[in-house]
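Undergrad: The structure under discussion is supplied below as structure tokens; questions concerning it will follow.
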Amino acid sequence: MQILALFLVFIGEFLAIVSEVLFIKGKNMIPIIVLMCIAWVFLLFGYYFGYKHIKNLWLIYIVSITAILMLEPFIIYYFTGETPNLGAKIGFSLGTVWFLAAVFIK
């Protein structure tokens with residue numbers, strides 16, 4: 001059940017990011033709203049099951065942030081073809097360092 005919870009959070013973040021990028025691109029609104037609602041359900045149940053079975057909200061939160069950190073650059077590039085500028089690259093690198101610090105420093 002723990003793996004299911006983490007999977008739900010990961011998929012929920014994926015669907016939320018896709019719907020956000022499609023919204024920005026001005027795509028048809030109804031499918032985007034449905035997609036975001038599905039993402040919301042995945043995230044809610046992921047957090048619920050994660051806290052219920054793992055008993056550590058910080059771990060669920062780290063999975064959520066990591067999913068965003070890993071997925072968003074690829075999804076943005078896939079749907080828009082945009083590449084990050086220097087500031088975005090530095091921000092991404094620092095975000096990765098802070099994530100690793102949160103996970104490995106006790």
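Letters A, B, ... go to the chains of the structure tokens in the order shown; residues in each chain start at 1; ligands are counted from 1 in the same order.
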Neighbouring residues of Ile60 in chain A were defined as those with any atom within 12 Å, considering only C-alpha atoms; residues of the same chain fewer than 6 positions away were excluded. Please report them as a compact mmCIF listing (two decimals) with C-alpha atoms, in the first residue's frame.

TA:
# COMPACT_ATOMS: atom_id res chain seq x y z
CA GLN A 2 2.95 2.32 0.58
CA ILE A 3 4.13 1.94 -3.00
CA LEU A 4 0.58 2.60 -4.23
CA ALA A 5 0.44 5.81 -2.22
CA LEU A 6 3.74 7.07 -3.63
CA PHE A 7 2.65 6.04 -7.14
CA LEU A 8 -0.63 7.97 -6.77
CA VAL A 9 1.24 11.10 -5.72
CA PHE A 10 3.68 10.75 -8.62
CA GLU A 13 1.71 15.46 -10.03
CA LEU A 43 -3.01 13.53 -5.14
CA LEU A 44 -5.62 13.49 -2.37
CA PHE A 45 -5.71 9.70 -2.19
CA GLY A 46 -1.92 9.51 -2.52
CA TYR A 47 -1.46 11.84 0.44
CA TYR A 48 -4.20 10.08 2.43
CA PHE A 49 -2.92 6.54 1.86
CA GLY A 50 0.66 7.69 2.26
CA TYR A 51 0.03 9.24 5.65
CA LYS A 52 -2.18 6.36 6.75
CA HIS A 53 0.34 3.64 5.86
CA ILE A 54 3.72 5.37 5.99
CA THR A 66 10.60 15.36 -6.40
CA ALA A 67 7.95 14.41 -8.94
CA VAL A 103 16.55 13.39 1.86

Undergrad: Write out as a list in words each polymer residue whose atoms come within 10 Å of Cys37 in chain A, counting only C-alpha atoms; drop sequence neighbours fewer than 6 positions from it.

TA: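 The residues that qualify are Gly12, Leu15, Ala16, Ser19, Pro31 and Leu43 of chain A.
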
Undergrad: I'd like the neighbourhood of Phe79 in chain A as number ranges by chain, where a residue qualifies if any of its atoms comes within 9 Å (using only C-alpha atoms), though same-chain residues fewer than 5 positions away should be ignored.

TA: A: 18, 21-22, 25, 74

Undergrad: Residues at most 12 Å from Ala102 in chain A, counting only C-alpha atoms, excluding those fewer than 6 positions away in the same chain, as a list in words?

TA: Trp58, Leu59, Tyr61, Ile62, Val63, Ile65, Thr66, Gly95 and Thr96 of chain A

Undergrad: Okay, now the selection with N, CA and C atoms, as an mmCIF file, in the first residue's frame?

TA:
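Final file, result_23.cif:
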data_model
loop_
_atom_site.group_PDB
_atom_site.id
_atom_site.type_symbol
_atom_site.label_atom_id
_atom_site.label_comp_id
_atom_site.auth_asym_id
_atom_site.auth_seq_id
_atom_site.Cartn_x
_atom_site.Cartn_y
_atom_site.Cartn_z
ATOM 1 N N TRP A 58 6.183 14.008 5.739
ATOM 2 C CA TRP A 58 7.351 14.594 5.065
ATOM 3 C C TRP A 58 7.817 13.738 3.897
ATOM 4 N N LEU A 59 7.756 12.429 4.037
ATOM 5 C CA LEU A 59 8.151 11.554 2.943
ATOM 6 C C LEU A 59 7.224 11.741 1.742
ATOM 7 N N TYR A 61 5.490 14.404 1.063
ATOM 8 C CA TYR A 61 5.776 15.742 0.547
ATOM 9 C C TYR A 61 7.039 15.728 -0.317
ATOM 10 N N ILE A 62 8.064 15.031 0.109
ATOM 11 C CA ILE A 62 9.305 14.944 -0.666
ATOM 12 C C ILE A 62 9.059 14.237 -1.996
ATOM 13 N N VAL A 63 8.245 13.186 -1.988
ATOM 14 C CA VAL A 63 7.901 12.505 -3.241
ATOM 15 C C VAL A 63 7.176 13.466 -4.173
ATOM 16 N N ILE A 65 7.314 16.836 -4.268
ATOM 17 C CA ILE A 65 8.246 17.852 -4.758
ATOM 18 C C ILE A 65 9.219 17.239 -5.759
ATOM 19 N N THR A 66 9.680 16.032 -5.491
ATOM 20 C CA THR A 66 10.604 15.361 -6.401
ATOM 21 C C THR A 66 9.936 15.073 -7.738
ATOM 22 N N GLY A 95 17.398 23.569 -6.687
ATOM 23 C CA GLY A 95 16.276 22.767 -6.197
ATOM 24 C C GLY A 95 16.668 21.317 -6.014
ATOM 25 N N THR A 96 17.448 20.809 -6.949
ATOM 26 C CA THR A 96 17.918 19.425 -6.851
ATOM 27 C C THR A 96 18.829 19.253 -5.646
#
